[in-house]
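This report concerns only the one structure given below.
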Amino acid sequence: MTALTYKVKLSRLRNLSALLSLTSICVIVLIPSLYIAGLVLMNWRSIIEVVFFNPLIGSAYWADILRYLAFSFKIAITTTIIDLLIGLPLAYLVARKEIRGKSLVEDVVTLTLVLPTSGFGFAILIAWSGILESNVVLPIVGVPVLILLAHVALTLPYVVKTLSAALKTVEKAYEIVSLSLGASSITTFRKVTLPMILPSILSSVTLALTRSLGETGATMVVAGVQVTASIAIVKWVFEFKLEPAILLSSLLVIISLALILPAERLTRVRRHKLLPLKRFEYLLFKLERSFPKPFYLLKDIIPLLLVVVLVIYPLTTLLFTVIEYWDRDPYTGKLEGGVVYYLFGPPSYFEKILSATITSLLVALLSTLVSTYMSLLALFVIVKFKYGGFIRALLKIPLIIPTSSLGLSSLLFWSALGLAKPSVWLTILTHITFSVPIIVETTLSTYESANLEPLEEVSRTLGASPYVMAETITIPLIKRGIIAGSILAFAHSLGETGATFLVMGRDVTVPVLVVNMVESLAIPAALFTATYLIGLSLAMFIVIRFILTKE
């Protein structure tokens with residue numbers, strides 16, 4: 001075989017692999033995510049007629065959509081402000097301070113990324129329902145406190161992880177010079193560090209905002225009679241009111257994309273100028289120098305205490321409540337109020353939990369296996385082709401779309417093709433949609449940090465084919481990233497609630513079962529199931545942590 005023939009065959013193999021990868025990404029990941037927006041354009045006449053000019057209720061659906069969106073945005077904006085107030089000092093603590101237990105702080109903050117949202121929402125409900133009623137709202141902004149607690153806990157990791165990563169890239173030399181010139185640490189942060197990480201702040205704020213807008217599982221548990229946009233989609237679908245559900249879903253998708261895409265572009269900006277404050281600069285400088293030493297201690301301690309309140313307190317309360325209710329109701333002393341009775345007595349929830357566990361594990365396992373294979377194909381395209389960056393950006397779309405919108409879009413797409421109806425198989429297809437981006441991002445991070453290009457170039461010059469090079473060099477060296485990404489995707493699939501509600505059919509997963517138990521007031525059974533589900537996710541988190549920290 002001549003060298004020219006070999007190069008031609010090699011080029012064809014590369015192009016065929018790229019085509020296969022792009023086709024699978026488009027059909028299984030991107031199109032099901034965005035189909036809902038196109039469906040509005042294809043059915044605009046019927047949607048307008050039902051939503052705006054309904055012969056029975058007029059434009060009541062449109063008024064509901066606006067009300068739900070306004071309520072969701074009020075929650076999301078309040079959540080994001082609190083995230084920033086807590087997350088910025090926490091990110092600085094993680095990135096800059098050398099203290100004992102720093103890795104533990106980072107683990108606790110990021111823990112909610114792998115926790116099942118319905119299980120965690122129930123933990124918040126149990127922890128705070130004795131103190132706060134479901135209709136108690138935060139003064140001034142009017143946001144329900146229980147919903148706010150759930151959203152802040154679930155969105156805080158996006159702010160902390162993004163900002164801590166940005167702070168680690170900022171040279172300490174700039175801060176040292178500022179401090180040596182007499183500026184306080186607060187002034188140094190405001191004048192030197194903050195402008196350098198402003199694009200990342202905007203990006204983290206946008207991620208938290210879109211994540212809050214799309215949160216479904218925990219919100220369904222703690223919302224009571226309150227209805228957010230994501231909950232309204234699920235409610236309308238089960239009531240067979242598809243037109244308003246489709247319109248609301250597409251609006252959430254468009255809003256999320258309109259927020260996240262400009263923010264992604266801003267992250268490429270190295271430095272950003274803050275608005276000039278020349279009039280107040282001297283006063284700010286004097287005020288910042290007058291801050292007493294206890295202030296600097298409190299700015300670290302208060303965020304840490306808030307993380308304990310937001311994450312650790314609900315989880316420990318749930319565990320102790322399960323123990324308290326194990327054999328009987330602690331208040332009435334009746335056996336009928338205990339966990340054991342609900343599991344093995346006439347309610348017989350143990351069989352339902354076992355069946356839901358099998359379904360959850362099957363969905364998570366199959367979706368993760370397929371997603372891992374697709375992710376390796378996608379990795380090849382992203383790394384080796386000039387349009388790889390664009391593909392990587394597109395793959396972030398399923399991660400930012402609200403889960404209920406993603407579930408409805410996937411349901412309508414695969415139903416329109418006649419290839420799947422609500423069932424365990426449609427659930428697997430839907431979970432693949434968000435699992436591929438998770439594995440791709442984790443694997444790419446490992447690939448970029450491993451600096452494999454020189455090794456691959458040497459392998460190429462020695463005549464190794466792309467397949468041999470991937471098998472002997474690339475995959476072994478990024479194995480940790482592949483495994484960690486796969487476990488993270490498995491844990492995310494295991495705890496997914498919002499999208500699963502719309503595509504599961506009769507095949508109920510454990511997170512959905514928790515919501516059903518809460519709605520049917522089978523509280524002891526919900527206590528056990530939520531604790532059991534959180535325990536599974538915590539085990540996954542420990543495995544991920546072990547893999548990522550292993551030398």
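How things are named: the first chain in the structure tokens is A, the next is B, and so on; residues count from 1 in each chain; ligands count from 1 in the order shown.
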
**Q.** 9 Å contact set for Thr206 (chain A), only C-alpha atoms, chain neighbours under 5 positions out, as a ChimeraX atom specification
**A.** /A:80,201,211,256,259-260,263

(Q) Residues near Pro89 (chain A), anyone? I mean within 8 Å using only C-alpha atoms, not counting same-chain ones fewer than 5 positions away, as a PyMOL selection string. (A) chain A and resi 299-300+303

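For the residues A:Leu315, A:Leu305, A:Ala37, A:Ile397, ranking by smallest atom-to-atom distance to Leu115 (chain A) using only C-alpha atoms places A:Leu315 first.
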
**Q.** For Gly142 (chain A), the nearest of the candidates A:Ala70, A:Ile523, A:Val440, A:Leu19, counting only C-alpha atoms
**A.**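 Closest residue, counting only C-alpha atoms: A:Ala70.
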
Applying 10 Å and only C-alpha atoms, which residues near region 515-519 of chain A remain after dropping the ones on its own chain fewer than 6 positions away? List them as a JSON list (two decimals) with N, CA and C atoms, in the first residue's frame.
```json
[["chain", "number", "residue", "atom", "x", "y", "z"],
["A", 118, "SER", "N", -35.60, 15.61, 43.75],
["A", 118, "SER", "CA", -36.83, 15.34, 44.50],
["A", 118, "SER", "C", -36.50, 14.88, 45.92],
["A", 119, "GLY", "N", -35.46, 14.06, 46.06],
["A", 119, "GLY", "CA", -35.05, 13.61, 47.39],
["A", 119, "GLY", "C", -34.54, 14.76, 48.24],
["A", 121, "GLY", "N", -35.28, 17.93, 47.78],
["A", 121, "GLY", "CA", -36.43, 18.79, 48.06],
["A", 121, "GLY", "C", -37.23, 18.29, 49.25],
["A", 122, "PHE", "N", -37.39, 16.97, 49.33],
["A", 122, "PHE", "CA", -38.12, 16.40, 50.48],
["A", 122, "PHE", "C", -37.33, 16.58, 51.77],
["A", 217, "GLY", "N", -37.85, 19.04, 40.04],
["A", 217, "GLY", "CA", -38.04, 17.98, 41.03],
["A", 217, "GLY", "C", -38.23, 18.48, 42.45],
["A", 218, "ALA", "N", -37.26, 19.26, 42.94],
["A", 218, "ALA", "CA", -37.35, 19.76, 44.32],
["A", 218, "ALA", "C", -38.50, 20.74, 44.47],
["A", 220, "MET", "N", -41.39, 20.75, 42.93],
["A", 220, "MET", "CA", -42.66, 20.04, 43.02],
["A", 220, "MET", "C", -42.93, 19.56, 44.44],
["A", 221, "VAL", "N", -41.88, 19.23, 45.17],
["A", 221, "VAL", "CA", -42.04, 18.71, 46.53],
["A", 221, "VAL", "C", -42.33, 19.83, 47.53],
["A", 222, "VAL", "N", -41.65, 20.98, 47.38],
["A", 222, "VAL", "CA", -41.76, 22.03, 48.40],
["A", 222, "VAL", "C", -42.73, 23.15, 48.03],
["A", 224, "GLY", "N", -45.97, 23.31, 47.38],
["A", 224, "GLY", "CA", -47.34, 23.39, 47.88],
["A", 224, "GLY", "C", -48.28, 23.73, 46.74],
["A", 349, "TYR", "N", -45.17, -0.59, 50.10],
["A", 349, "TYR", "CA", -44.36, 0.29, 49.25],
["A", 349, "TYR", "C", -43.00, -0.31, 48.91],
["A", 497, "THR", "N", -35.60, 14.11, 37.66],
["A", 497, "THR", "CA", -37.03, 14.05, 37.97],
["A", 497, "THR", "C", -37.90, 14.71, 36.91],
["A", 501, "PHE", "N", -40.62, 12.65, 34.44],
["A", 501, "PHE", "CA", -42.06, 12.70, 34.68],
["A", 501, "PHE", "C", -42.86, 12.63, 33.37],
["A", 508, "VAL", "N", -42.01, 3.84, 36.48],
["A", 508, "VAL", "CA", -41.68, 4.90, 37.43],
["A", 508, "VAL", "C", -40.28, 4.71, 37.97],
["A", 525, "ALA", "N", -43.11, 6.46, 53.97],
["A", 525, "ALA", "CA", -42.51, 5.81, 52.80],
["A", 525, "ALA", "C", -41.62, 6.78, 52.04],
["A", 526, "ALA", "N", -42.04, 8.03, 51.92],
["A", 526, "ALA", "CA", -41.23, 9.05, 51.24],
["A", 526, "ALA", "C", -39.95, 9.32, 52.02],
["A", 527, "LEU", "N", -40.01, 9.30, 53.34],
["A", 527, "LEU", "CA", -38.82, 9.49, 54.17],
["A", 527, "LEU", "C", -37.76, 8.44, 53.84],
["A", 529, "THR", "N", -37.60, 6.39, 51.16],
["A", 529, "THR", "CA", -37.20, 6.38, 49.75],
["A", 529, "THR", "C", -36.26, 7.53, 49.43],
["A", 530, "ALA", "N", -36.54, 8.72, 49.96],
["A", 530, "ALA", "CA", -35.66, 9.87, 49.72],
["A", 530, "ALA", "C", -34.28, 9.62, 50.32]]
```

Q: Name all residues at most 10 Å from Phe120 (chain A) (count only C-alpha atoms; drop same-chain ones fewer than 3 positions away) and give them as number ranges by chain.
A: A: 112, 115-117, 123-126, 150, 153-154, 217-218, 221, 311, 314-315, 318, 495, 511, 530-531, 533-534

Q: Could you tell me how far CA of Phe413 (chain A) lies from CA of Leu30 (chain A), in Å and to one decimal?
A: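 Answer for the CA of Phe413 (chain A) to CA of Leu30 (chain A) separation: 11.2 Å.
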
Proximity check region 482-548 of chain A to region 361-372 of chain A, 7 Å, nearest pairs one decimal Å, only C-alpha atoms, as CSV:
```
residue,atom,partner,partner_atom,distance
A:Ser486,CA,A:Thr368,CA,6.1
A:Ala489,CA,A:Thr368,CA,6.3
A:Phe490,CA,A:Ala364,CA,5.2
A:Ser493,CA,A:Ala364,CA,5.2
A:Leu494,CA,A:Ala364,CA,5.7
```

Q | Proximity to Val109 (chain A) - best of A:Tyr68, A:Val205, A:Ile147, A:Val307, only C-alpha atoms | A | A:Val307

**Q.** Nearest to Ser409 (chain A), chosen from A:Ile438, A:Val136, A:Val105, A:Val234, with only C-alpha atoms counted in the distances
**A.**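 Among the listed residues, A:Val234 lies closest to Ser409 (chain A).
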
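Of the residues under consideration (A:Leu538, A:Ala165, A:Thr509, A:Leu399), A:Thr509 shows the shortest atom-to-atom contact distance to Val424 (chain A) when counting only C-alpha atoms.
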
Would you kindly return, as a PDB file with N, CA and C atoms, in the first residue's frame, each protein, DNA or RNA residue with an atom no farther than 8 Å from any atom of Leu257 (chain A), considering only C-alpha atoms and excluding same-chain residues fewer than 4 positions away?
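Saved as selection-v7.pdb:
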```pdb
ATOM      1  N   VAL A 253     -37.037  27.549  26.664  1.00  0.00           N
ATOM      2  CA  VAL A 253     -35.862  27.171  25.878  1.00  0.00           C
ATOM      3  C   VAL A 253     -35.221  28.408  25.258  1.00  0.00           C
ATOM      4  N   LEU A 261     -25.941  31.876  25.819  1.00  0.00           N
ATOM      5  CA  LEU A 261     -25.012  31.987  24.696  1.00  0.00           C
ATOM      6  C   LEU A 261     -24.165  33.253  24.764  1.00  0.00           C
ATOM      7  N   ILE A 397     -26.199  22.893  25.227  1.00  0.00           N
ATOM      8  CA  ILE A 397     -27.614  23.266  25.182  1.00  0.00           C
ATOM      9  C   ILE A 397     -28.487  22.373  26.073  1.00  0.00           C
ATOM     10  N   ILE A 400     -28.605  23.376  29.800  1.00  0.00           N
ATOM     11  CA  ILE A 400     -29.169  24.645  30.256  1.00  0.00           C
ATOM     12  C   ILE A 400     -30.674  24.732  30.027  1.00  0.00           C
ATOM     13  N   ILE A 401     -31.206  23.811  29.217  1.00  0.00           N
ATOM     14  CA  ILE A 401     -32.645  23.815  28.968  1.00  0.00           C
ATOM     15  C   ILE A 401     -33.372  23.269  30.198  1.00  0.00           C
TER      16      ILE A 401
END
```

Q | Å distance separating CA of Ile302 (chain A) from CA of Ala91 (chain A), one decimal place | A |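 If I compute the distance from CA of Ile302 (chain A) to CA of Ala91 (chain A), I get 13.4 Å.
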
Q: From a DSSP pass on the backbone, collect the residues of region 233-439 of chain A flagged as alpha helix (DSSP H) and hand them back as a PyMOL selection string.
A: chain A and resi 233-238+242-266+278-289+293-307+313-324+339-344+349-384+388-394+397-400+403-417+424-439
